[in-house]
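Undergrad: This one is final_22.cif, mmCIF, N, CA and C atoms.
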data_input
loop_
_atom_site.group_PDB
_atom_site.id
_atom_site.type_symbol
_atom_site.label_atom_id
_atom_site.label_comp_id
_atom_site.auth_asym_id
_atom_site.auth_seq_id
_atom_site.Cartn_x
_atom_site.Cartn_y
_atom_site.Cartn_z
ATOM 1 N N MET V 11 0.831 -1.170 0.000
ATOM 2 C CA MET V 11 0.000 0.000 0.000
ATOM 3 C C MET V 11 0.872 1.227 0.000
ATOM 4 N N ASP V 12 0.402 2.171 -0.728
ATOM 5 C CA ASP V 12 1.123 3.427 -0.875
ATOM 6 C C ASP V 12 0.733 4.355 0.275
ATOM 7 N N MET V 13 1.640 5.213 0.717
ATOM 8 C CA MET V 13 1.368 6.123 1.827
ATOM 9 C C MET V 13 0.328 7.167 1.465
ATOM 10 N N ASP V 14 0.112 7.378 0.197
ATOM 11 C CA ASP V 14 -0.874 8.362 -0.233
ATOM 12 C C ASP V 14 -2.199 7.710 -0.601
ATOM 13 N N SER V 15 -2.394 6.487 -0.246
ATOM 14 C CA SER V 15 -3.638 5.816 -0.615
ATOM 15 C C SER V 15 -4.785 6.418 0.191
ATOM 16 N N PRO V 16 -5.978 6.413 -0.384
ATOM 17 C CA PRO V 16 -7.128 7.020 0.292
ATOM 18 C C PRO V 16 -7.467 6.335 1.609
ATOM 19 N N LEU V 17 -7.253 5.026 1.690
ATOM 20 C CA LEU V 17 -7.566 4.308 2.918
ATOM 21 C C LEU V 17 -6.659 4.767 4.055
ATOM 22 N N LEU V 18 -5.376 4.894 3.797
ATOM 23 C CA LEU V 18 -4.448 5.351 4.828
ATOM 24 C C LEU V 18 -4.710 6.804 5.205
ATOM 25 N N LEU V 19 -5.038 7.629 4.222
ATOM 26 C CA LEU V 19 -5.352 9.025 4.525
ATOM 27 C C LEU V 19 -6.596 9.124 5.398
ATOM 28 N N THR V 20 -7.594 8.291 5.098
ATOM 29 C CA THR V 20 -8.823 8.299 5.885
ATOM 30 C C THR V 20 -8.543 7.825 7.304
ATOM 31 N N LEU V 21 -7.780 6.752 7.445
ATOM 32 C CA LEU V 21 -7.451 6.236 8.774
ATOM 33 C C LEU V 21 -6.633 7.245 9.573
ATOM 34 N N SER V 22 -5.661 7.857 8.910
ATOM 35 C CA SER V 22 -4.849 8.844 9.623
ATOM 36 C C SER V 22 -5.680 10.068 9.983
ATOM 37 N N HIS V 23 -6.622 10.424 9.104
ATOM 38 C CA HIS V 23 -7.511 11.557 9.394
ATOM 39 C C HIS V 23 -8.385 11.238 10.607
ATOM 40 N N HIS V 24 -8.922 10.006 10.666
ATOM 41 C CA HIS V 24 -9.747 9.601 11.807
ATOM 42 C C HIS V 24 -8.934 9.534 13.090
ATOM 43 N N SER V 25 -7.711 9.030 12.992
ATOM 44 C CA SER V 25 -6.885 8.964 14.200
ATOM 45 C C SER V 25 -6.513 10.372 14.666
ATOM 46 N N GLY V 26 -6.313 11.302 13.729
ATOM 47 C CA GLY V 26 -6.033 12.693 14.090
ATOM 48 C C GLY V 26 -7.232 13.332 14.762
ATOM 49 N N GLN V 27 -8.427 13.027 14.232
ATOM 50 C CA GLN V 27 -9.642 13.560 14.856
ATOM 51 C C GLN V 27 -9.831 12.959 16.242
ATOM 52 N N LYS V 28 -9.495 11.671 16.360
ATOM 53 C CA LYS V 28 -9.639 11.002 17.644
ATOM 54 C C LYS V 28 -8.704 11.631 18.674
ATOM 55 N N GLU V 29 -7.459 11.901 18.269
ATOM 56 C CA GLU V 29 -6.508 12.543 19.176
ATOM 57 C C GLU V 29 -6.978 13.947 19.542
ATOM 58 N N LYS V 30 -7.535 14.658 18.566
ATOM 59 C CA LYS V 30 -8.030 16.012 18.817
ATOM 60 C C LYS V 30 -9.184 15.963 19.815
ATOM 61 N N LYS V 31 -10.099 14.995 19.621
ATOM 62 C CA LYS V 31 -11.226 14.857 20.545
ATOM 63 C C LYS V 31 -10.738 14.476 21.938
ATOM 64 N N GLU V 32 -9.745 13.593 22.005
ATOM 65 C CA GLU V 32 -9.199 13.203 23.302
ATOM 66 C C GLU V 32 -8.550 14.399 23.994
ATOM 67 N N ASN V 33 -7.833 15.212 23.230
ATOM 68 C CA ASN V 33 -7.211 16.409 23.806
ATOM 69 C C ASN V 33 -8.272 17.390 24.293
ATOM 70 N N GLU V 34 -9.336 17.560 23.495
ATOM 71 C CA GLU V 34 -10.429 18.446 23.908
ATOM 72 C C GLU V 34 -11.101 17.905 25.162
ATOM 73 N N THR V 35 -11.312 16.585 25.175
ATOM 74 C CA THR V 35 -11.938 15.964 26.336
ATOM 75 C C THR V 35 -11.049 16.119 27.565
ATOM 76 N N GLU V 36 -9.768 15.900 27.395
ATOM 77 C CA GLU V 36 -8.825 16.053 28.505
ATOM 78 C C GLU V 36 -8.830 17.492 29.023
ATOM 79 N N ALA V 37 -8.875 18.443 28.107
ATOM 80 C CA ALA V 37 -8.921 19.853 28.510
ATOM 81 C C ALA V 37 -10.210 20.150 29.264
ATOM 82 N N ARG V 38 -11.309 19.581 28.797
ATOM 83 C CA ARG V 38 -12.591 19.786 29.484
ATOM 84 C C ARG V 38 -12.546 19.189 30.884
ATOM 85 N N PHE V 39 -12.018 17.963 30.982
ATOM 86 C CA PHE V 39 -11.915 17.341 32.298
ATOM 87 C C PHE V 39 -11.030 18.159 33.232
ATOM 88 N N THR V 40 -9.965 18.695 32.704
ATOM 89 C CA THR V 40 -9.075 19.524 33.514
ATOM 90 C C THR V 40 -9.818 20.757 34.017
ATOM 91 N N ARG V 41 -10.582 21.397 33.140
ATOM 92 C CA ARG V 41 -11.356 22.573 33.557
ATOM 93 C C ARG V 41 -12.405 22.185 34.593
ATOM 94 N N ILE V 42 -13.061 21.044 34.372
ATOM 95 C CA ILE V 42 -14.075 20.596 35.329
ATOM 96 C C ILE V 42 -13.433 20.313 36.682
ATOM 97 N N GLU V 43 -12.280 19.661 36.674
ATOM 98 C CA GLU V 43 -11.584 19.385 37.928
ATOM 99 C C GLU V 43 -11.194 20.675 38.635
ATOM 100 N N MET V 44 -10.769 21.676 37.881
ATOM 101 C CA MET V 44 -10.430 22.964 38.488
ATOM 102 C C MET V 44 -11.664 23.610 39.099
ATOM 103 N N HIS V 45 -12.781 23.548 38.375
ATOM 104 C CA HIS V 45 -14.016 24.128 38.901
ATOM 105 C C HIS V 45 -14.460 23.393 40.165
ATOM 106 N N ILE V 46 -14.330 22.077 40.157
ATOM 107 C CA ILE V 46 -14.696 21.311 41.346
ATOM 108 C C ILE V 46 -13.799 21.693 42.519
ATOM 109 N N ALA V 47 -12.524 21.869 42.261
ATOM 110 C CA ALA V 47 -11.606 22.286 43.333
ATOM 111 C C ALA V 47 -12.007 23.656 43.875
ATOM 112 N N TRP V 48 -12.350 24.573 42.986
ATOM 113 C CA TRP V 48 -12.796 25.902 43.433
ATOM 114 C C TRP V 48 -14.079 25.796 44.251
ATOM 115 N N LEU V 49 -15.009 24.949 43.780
ATOM 116 C CA LEU V 49 -16.264 24.784 44.508
ATOM 117 C C LEU V 49 -16.018 24.184 45.891
ATOM 118 N N ARG V 50 -15.132 23.208 45.969
ATOM 119 C CA ARG V 50 -14.812 22.621 47.271
ATOM 120 C C ARG V 50 -14.211 23.667 48.200
ATOM 121 N N ARG V 51 -13.312 24.485 47.671
ATOM 122 C CA ARG V 51 -12.708 25.538 48.481
ATOM 123 C C ARG V 51 -13.780 26.517 48.960
ATOM 124 N N ASP V 52 -14.681 26.896 48.047
ATOM 125 C CA ASP V 52 -15.744 27.825 48.421
ATOM 126 C C ASP V 52 -16.667 27.215 49.470
ATOM 127 N N VAL V 53 -17.004 25.937 49.312
ATOM 128 C CA VAL V 53 -17.864 25.261 50.287
ATOM 129 C C VAL V 53 -17.166 25.203 51.645
ATOM 130 N N ASN V 54 -15.873 24.918 51.654
ATOM 131 C CA ASN V 54 -15.135 24.906 52.921
ATOM 132 C C ASN V 54 -15.111 26.293 53.552
ATOM 133 N N ASP V 55 -14.955 27.330 52.737
ATOM 134 C CA ASP V 55 -14.999 28.701 53.260
ATOM 135 C C ASP V 55 -16.364 29.001 53.871
ATOM 136 N N ILE V 56 -17.412 28.573 53.188
ATOM 137 C CA ILE V 56 -18.769 28.800 53.694
ATOM 138 C C ILE V 56 -18.971 28.050 55.005
ATOM 139 N N ARG V 57 -18.480 26.814 55.073
ATOM 140 C CA ARG V 57 -18.600 26.049 56.318
ATOM 141 C C ARG V 57 -17.880 26.753 57.464
ATOM 142 N N ASN V 58 -16.692 27.248 57.204
ATOM 143 C CA ASN V 58 -15.943 27.952 58.252
ATOM 144 C C ASN V 58 -16.671 29.213 58.696
ATOM 145 N N GLU V 59 -17.223 29.943 57.743
ATOM 146 C CA GLU V 59 -17.975 31.148 58.091
ATOM 147 C C GLU V 59 -19.218 30.797 58.898
ATOM 148 N N LEU V 60 -19.892 29.692 58.539
ATOM 149 C CA LEU V 60 -21.064 29.265 59.303
ATOM 150 C C LEU V 60 -20.681 28.893 60.731
ATOM 151 N N ARG V 61 -19.540 28.240 60.902
ATOM 152 C CA ARG V 61 -19.082 27.920 62.259
ATOM 153 C C ARG V 61 -18.857 29.198 63.055
ATOM 154 N N ASP V 62 -18.237 30.180 62.425
ATOM 155 C CA ASP V 62 -18.006 31.456 63.100
ATOM 156 C C ASP V 62 -19.326 32.124 63.464
ATOM 157 N N ILE V 63 -20.266 32.093 62.533
ATOM 158 C CA ILE V 63 -21.569 32.721 62.776
ATOM 159 C C ILE V 63 -22.298 31.997 63.900
ATOM 160 N N ARG V 64 -22.225 30.664 63.913
ATOM 161 C CA ARG V 64 -22.873 29.913 64.995
ATOM 162 C C ARG V 64 -22.279 30.287 66.343
ATOM 163 N N GLY V 65 -20.964 30.445 66.396
ATOM 164 C CA GLY V 65 -20.328 30.865 67.643
ATOM 165 C C GLY V 65 -20.789 32.244 68.069
ATOM 166 N N GLU V 66 -20.894 33.151 67.108
ATOM 167 C CA GLU V 66 -21.365 34.501 67.420
ATOM 168 C C GLU V 66 -22.815 34.477 67.880
ATOM 169 N N ILE V 67 -23.634 33.616 67.267
ATOM 170 C CA ILE V 67 -25.041 33.510 67.671
ATOM 171 C C ILE V 67 -25.131 32.998 69.106
ATOM 172 N N LYS V 68 -24.293 32.021 69.458
ATOM 173 C CA LYS V 68 -24.288 31.528 70.835
ATOM 174 C C LYS V 68 -23.907 32.645 71.799
ATOM 175 N N ASP V 69 -22.926 33.453 71.425
ATOM 176 C CA ASP V 69 -22.533 34.581 72.271
ATOM 177 C C ASP V 69 -23.682 35.568 72.433
ATOM 178 N N VAL V 70 -24.375 35.852 71.340
ATOM 179 C CA VAL V 70 -25.501 36.792 71.386
ATOM 180 C C VAL V 70 -26.617 36.228 72.254
ATOM 181 N N ARG V 71 -26.878 34.926 72.135
ATOM 182 C CA ARG V 71 -27.911 34.315 72.979
ATOM 183 C C ARG V 71 -27.569 34.463 74.456
ATOM 184 N N GLY V 72 -26.306 34.243 74.791
ATOM 185 C CA GLY V 72 -25.884 34.417 76.176
ATOM 186 C C GLY V 72 -26.070 35.847 76.642
ATOM 187 N N GLU V 73 -25.724 36.797 75.785
ATOM 188 C CA GLU V 73 -25.896 38.206 76.136
ATOM 189 C C GLU V 73 -27.372 38.561 76.287
ATOM 190 N N VAL V 74 -28.225 37.997 75.437
ATOM 191 C CA VAL V 74 -29.665 38.259 75.535
ATOM 192 C C VAL V 74 -30.200 37.711 76.854
ATOM 193 N N LYS V 75 -29.735 36.530 77.259
ATOM 194 C CA LYS V 75 -30.162 35.975 78.549
ATOM 195 C C LYS V 75 -29.735 36.884 79.693
ATOM 196 N N ASP V 76 -28.520 37.408 79.607
ATOM 197 C CA ASP V 76 -28.047 38.333 80.639
ATOM 198 C C ASP V 76 -28.911 39.589 80.688
ATOM 199 N N VAL V 77 -29.248 40.120 79.526
ATOM 200 C CA VAL V 77 -30.078 41.330 79.462
ATOM 201 C C VAL V 77 -31.463 41.046 80.031
ATOM 202 N N ARG V 78 -32.019 39.873 79.721
ATOM 203 C CA ARG V 78 -33.337 39.523 80.278
ATOM 204 C C ARG V 78 -33.290 39.459 81.800
ATOM 205 N N GLY V 79 -32.230 38.871 82.330
ATOM 206 C CA GLY V 79 -32.084 38.818 83.785
ATOM 207 C C GLY V 79 -31.992 40.210 84.385
ATOM 208 N N GLU V 80 -31.225 41.078 83.736
ATOM 209 C CA GLU V 80 -31.110 42.452 84.217
ATOM 210 C C GLU V 80 -32.447 43.174 84.138
ATOM 211 N N MET V 81 -33.213 42.927 83.084
ATOM 212 C CA MET V 81 -34.522 43.573 82.949
ATOM 213 C C MET V 81 -35.475 43.100 84.041
ATOM 214 N N LYS V 82 -35.412 41.819 84.391
ATOM 215 C CA LYS V 82 -36.257 41.319 85.480
ATOM 216 C C LYS V 82 -35.900 42.005 86.792
ATOM 217 N N ASP V 83 -34.604 42.173 87.030
ATOM 218 C CA ASP V 83 -34.171 42.871 88.243
ATOM 219 C C ASP V 83 -34.656 44.318 88.239
ATOM 220 N N ILE V 84 -34.558 44.974 87.094
ATOM 221 C CA ILE V 84 -35.015 46.363 86.986
ATOM 222 C C ILE V 84 -36.514 46.447 87.225
ATOM 223 N N ARG V 85 -37.278 45.492 86.688
ATOM 224 C CA ARG V 85 -38.734 45.498 86.907
ATOM 225 C C ARG V 85 -39.065 45.340 88.384
ATOM 226 N N LYS V 86 -38.345 44.448 89.058
ATOM 227 C CA LYS V 86 -38.584 44.280 90.495
ATOM 228 C C LYS V 86 -38.284 45.576 91.237
ATOM 229 N N ASP V 87 -37.159 46.204 90.875
ATOM 230 C CA ASP V 87 -36.805 47.474 91.512
ATOM 231 C C ASP V 87 -37.842 48.546 91.200
ATOM 232 N N MET V 88 -38.305 48.589 89.962
ATOM 233 C CA MET V 88 -39.311 49.584 89.579
ATOM 234 C C MET V 88 -40.610 49.346 90.336
ATOM 235 N N GLN V 89 -40.983 48.082 90.496
ATOM 236 C CA GLN V 89 -42.218 47.772 91.208
ATOM 237 C C GLN V 89 -42.097 48.209 92.671
ATOM 238 N N THR V 90 -40.955 47.934 93.266
ATOM 239 C CA THR V 90 -40.721 48.351 94.649
ATOM 240 C C THR V 90 -40.716 49.875 94.751
ATOM 241 N N ASP V 91 -40.046 50.533 93.821
ATOM 242 C CA ASP V 91 -40.007 51.997 93.822
ATOM 243 C C ASP V 91 -41.401 52.575 93.612
ATOM 244 N N PHE V 92 -42.199 51.972 92.730
ATOM 245 C CA PHE V 92 -43.554 52.463 92.488
ATOM 246 C C PHE V 92 -44.396 52.340 93.747
ATOM 247 N N ARG V 93 -44.313 51.217 94.418
ATOM 248 C CA ARG V 93 -45.100 51.026 95.637
ATOM 249 C C ARG V 93 -44.699 52.046 96.702
ATOM 250 N N LEU V 94 -43.405 52.265 96.817
ATOM 251 C CA LEU V 94 -42.920 53.233 97.796
ATOM 252 C C LEU V 94 -43.385 54.644 97.441
ATOM 253 N N LEU V 95 -43.277 55.018 96.180
ATOM 254 C CA LEU V 95 -43.689 56.343 95.729
ATOM 255 C C LEU V 95 -45.205 56.526 95.857
ATOM 256 N N PHE V 96 -45.960 55.498 95.513
ATOM 257 C CA PHE V 96 -47.417 55.579 95.611
ATOM 258 C C PHE V 96 -47.846 55.703 97.079
ATOM 259 N N SER V 97 -47.173 54.958 97.956
ATOM 260 C CA SER V 97 -47.472 55.068 99.392
ATOM 261 C C SER V 97 -47.159 56.473 99.898
ATOM 262 N N ALA V 98 -46.043 57.032 99.453
ATOM 263 C CA ALA V 98 -45.688 58.390 99.866
ATOM 264 C C ALA V 98 -46.712 59.390 99.346
ATOM 265 N N LEU V 99 -47.181 59.223 98.118
ATOM 266 C CA LEU V 99 -48.184 60.121 97.544
ATOM 267 C C LEU V 99 -49.492 60.054 98.333
ATOM 268 N N ILE V 100 -49.900 58.852 98.696
ATOM 269 C CA ILE V 100 -51.124 58.702 99.494
ATOM 270 C C ILE V 100 -50.930 59.350 100.865
ATOM 271 N N GLY V 101 -49.762 59.162 101.469
ATOM 272 C CA GLY V 101 -49.476 59.783 102.776
ATOM 273 C C GLY V 101 -49.518 61.300 102.692
ATOM 274 N N VAL V 102 -48.936 61.870 101.639
ATOM 275 C CA VAL V 102 -48.951 63.324 101.466
ATOM 276 C C VAL V 102 -50.379 63.810 101.249
ATOM 277 N N ALA V 103 -51.152 63.085 100.456
ATOM 278 C CA ALA V 103 -52.541 63.490 100.204
ATOM 279 C C ALA V 103 -53.352 63.454 101.495
ATOM 280 N N LEU V 104 -53.177 62.404 102.289
ATOM 281 C CA LEU V 104 -53.903 62.324 103.563
ATOM 282 C C LEU V 104 -53.446 63.417 104.536
ATOM 283 N N GLY V 105 -52.137 63.677 104.565
ATOM 284 C CA GLY V 105 -51.620 64.740 105.433
ATOM 285 C C GLY V 105 -52.173 66.097 105.025
ATOM 286 N N LEU V 106 -52.202 66.380 103.720
ATOM 287 C CA LEU V 106 -52.743 67.635 103.225
ATOM 288 C C LEU V 106 -54.232 67.744 103.535
ATOM 289 N N ALA V 107 -54.944 66.613 103.410
ATOM 290 C CA ALA V 107 -56.377 66.622 103.733
ATOM 291 C C ALA V 107 -56.584 66.932 105.216
ATOM 292 N N CYS V 108 -55.743 66.378 106.075
ATOM 293 C CA CYS V 108 -55.854 66.658 107.512
ATOM 294 C C CYS V 108 -55.563 68.132 107.810
ATOM 295 N N ILE V 109 -54.533 68.675 107.172
ATOM 296 C CA ILE V 109 -54.187 70.087 107.384
ATOM 297 C C ILE V 109 -55.325 70.982 106.897
ATOM 298 N N MET V 110 -55.919 70.644 105.752
ATOM 299 C CA MET V 110 -57.036 71.443 105.235
ATOM 300 C C MET V 110 -58.246 71.343 106.162
ATOM 301 N N ALA V 111 -58.499 70.141 106.683
ATOM 302 C CA ALA V 111 -59.642 69.958 107.583
ATOM 303 C C ALA V 111 -59.459 70.794 108.849
ATOM 304 N N LYS V 112 -58.248 70.849 109.390
ATOM 305 C CA LYS V 112 -58.000 71.673 110.577
ATOM 306 C C LYS V 112 -58.089 73.155 110.236
ATOM 307 N N GLY V 113 -57.607 73.509 109.031
ATOM 308 C CA GLY V 113 -57.636 74.916 108.637
ATOM 309 C C GLY V 113 -59.055 75.418 108.446
ATOM 310 N N PHE V 114 -59.942 74.589 107.951
ATOM 311 C CA PHE V 114 -61.333 74.983 107.756
ATOM 312 C C PHE V 114 -62.183 74.657 108.980
ATOM 313 N N HIS V 115 -61.572 74.220 110.069
ATOM 314 C CA HIS V 115 -62.213 73.874 111.335
ATOM 315 C C HIS V 115 -63.250 72.786 111.152
ATOM 316 N N TRP V 116 -62.881 71.799 110.306
ATOM 317 C CA TRP V 116 -63.773 70.652 110.147
ATOM 318 C C TRP V 116 -63.499 69.607 111.207
ATOM 319 N N LEU V 117 -62.348 69.655 111.790
ATOM 320 C CA LEU V 117 -62.003 68.685 112.830
ATOM 321 C C LEU V 117 -61.916 69.359 114.167
#
For this file, write the structure as structure tokens.

TA:
Amino acid sequence: MDMDSPLLLTLSHHSGQKEKKENETEARFTRIEMHIAWLRRDVNDIRNELRDIRGEIKDVRGEVKDVRGEMKDIRKDMQTDFRLLFSALIGVALGLACIMAKGFHWL
């Protein structure tokens, strides 16, 4: 067979196309592998950020519990202060009523 025969040219053309397709496929796989590596890195970054956020949320929850406890203490103090102030107001009103009654000679 001659090197310029149509059969050999066709076979060599097909083998060249096959090599070209394999190279294209290899390049595609390489790009896909790179994208997968980037995605894995991004997912790991997201996981790390979520861990940080969860830790911060736990800290905030603890602070909210502390604030609630402080608010309960303030409410108790306010209730005690209100009772004391209201008692003083009633005492002043009764004292003023007594002074007025004596001034008008009602007593």

Undergrad: What does the distance from atom CA of V:Glu80 to atom CA of V:Gly65 come to in Å, to one decimal?

TA: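 Those two atoms sit 22.9 Å apart.
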
Undergrad: For atom C of V:Arg78 and atom C of V:Arg64, determine how far apart the two atoms are, in Å to one decimal place.

TA: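 Between atom C of V:Arg78 and atom C of V:Arg64 the gap is 21.1 Å.
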
Undergrad: In Å, how far is it from atom C of V:Arg51 to atom N of V:Arg38?

TA: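 Between atom C of V:Arg51 and atom N of V:Arg38 the gap is 21.5 Å.
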
Undergrad: Let me have the centre and edge lengths in Å, one decimal, of the box along x, y and z around every listed atom of stretch 90-94 of chain V with 3 Å of margin on each side, as AutoDock Vina command-line options.

TA:
--center_x -42.6 --center_y 51.3 --center_z 95.1 --size_x 11.1 --size_y 12.7 --size_z 11.3
